[in-house]
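Structure first, then comments.
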Amino acid sequence: MTPNAATATAAPVVTADLLVDIFRDVLRLPDLTAETDFYEAGGDSLTAFQITGRLQEIVGADVPVSLVFAYPTPLELAEVVAADYGAA
């Protein structure tokens with residue numbers, strides 16, 4: 001594996017861990033995992049805005065709230081955020 005491939009593979013994992021922490025805090029679910037669905041965990045538009053607000057502070061870019069709805073698990077969202085905004 002080349003160094004670039006290793007970095008590309010690792011970036012979503014790091015971001016997923018960060019997003020799991022954010023989802024846990026916002027949704028108040030300490031047992032939430034990277035595969036937990038935002039909707040099934042009780043997420044709504046207010047919590048989606050809270051998630052993207054915290055994420056924007058970390059990545060330093062405007063992260064559309066629609067991404068939380070389109071990619072409802074921390075792992076899915078991490079892949080998009082890592083690809084579009086770099087690893088958090």
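Every chain in the structure tokens takes a letter, A first, then B, and so on in the order presented; its residues are numbered from 1, and the ligands are numbered from 1 following the presented order.
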
Write out as an MDAnalysis selection string each polymer residue whose atoms come within 9 Å of range 52-69 of chain A, counting only C-alpha atoms; drop sequence neighbours fewer than 2 positions from it. chainID A and resid 18:19 22 38:39 45 47:50 71:74 77 80:81 85:88

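The shortest atom-to-atom distance to Asp25 in chain A, with only C-alpha atoms taken into account, belongs to A:Ile51 out of A:Ala82, A:Leu46, A:Ile51, A:Leu75.
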
Residues at most 8 Å from Leu32 in chain A, counting only C-alpha atoms, excluding those fewer than 3 positions away in the same chain, as a CSV table (one decimal) with N, CA, C and O atoms, in the first residue's frame?
chain,number,residue,atom,x,y,z
A,20,VAL,N,-18.7,10.2,15.7
A,20,VAL,CA,-19.4,9.4,16.7
A,20,VAL,C,-19.4,10.2,18.0
A,20,VAL,O,-20.5,10.2,18.7
A,23,PHE,N,-22.1,12.9,17.5
A,23,PHE,CA,-23.4,12.4,17.5
A,23,PHE,C,-23.8,12.0,19.0
A,23,PHE,O,-24.9,12.2,19.4
A,24,ARG,N,-22.9,11.3,19.7
A,24,ARG,CA,-23.2,10.9,21.0
A,24,ARG,C,-23.6,12.1,21.9
A,24,ARG,O,-24.5,12.0,22.7
A,29,LEU,N,-26.6,10.0,23.5
A,29,LEU,CA,-26.6,8.5,23.5
A,29,LEU,C,-25.2,8.0,23.6
A,29,LEU,O,-24.4,7.9,22.6
A,36,THR,N,-24.7,3.7,13.8
A,36,THR,CA,-26.0,4.1,14.3
A,36,THR,C,-26.7,5.1,13.4
A,36,THR,O,-26.1,6.1,13.0

Run DSSP on the backbone and give me the residues of chain A it puts in helix (DSSP H, G or I), as a ChimeraX atom specification. /A:3-27,45-59,66-70,74-85
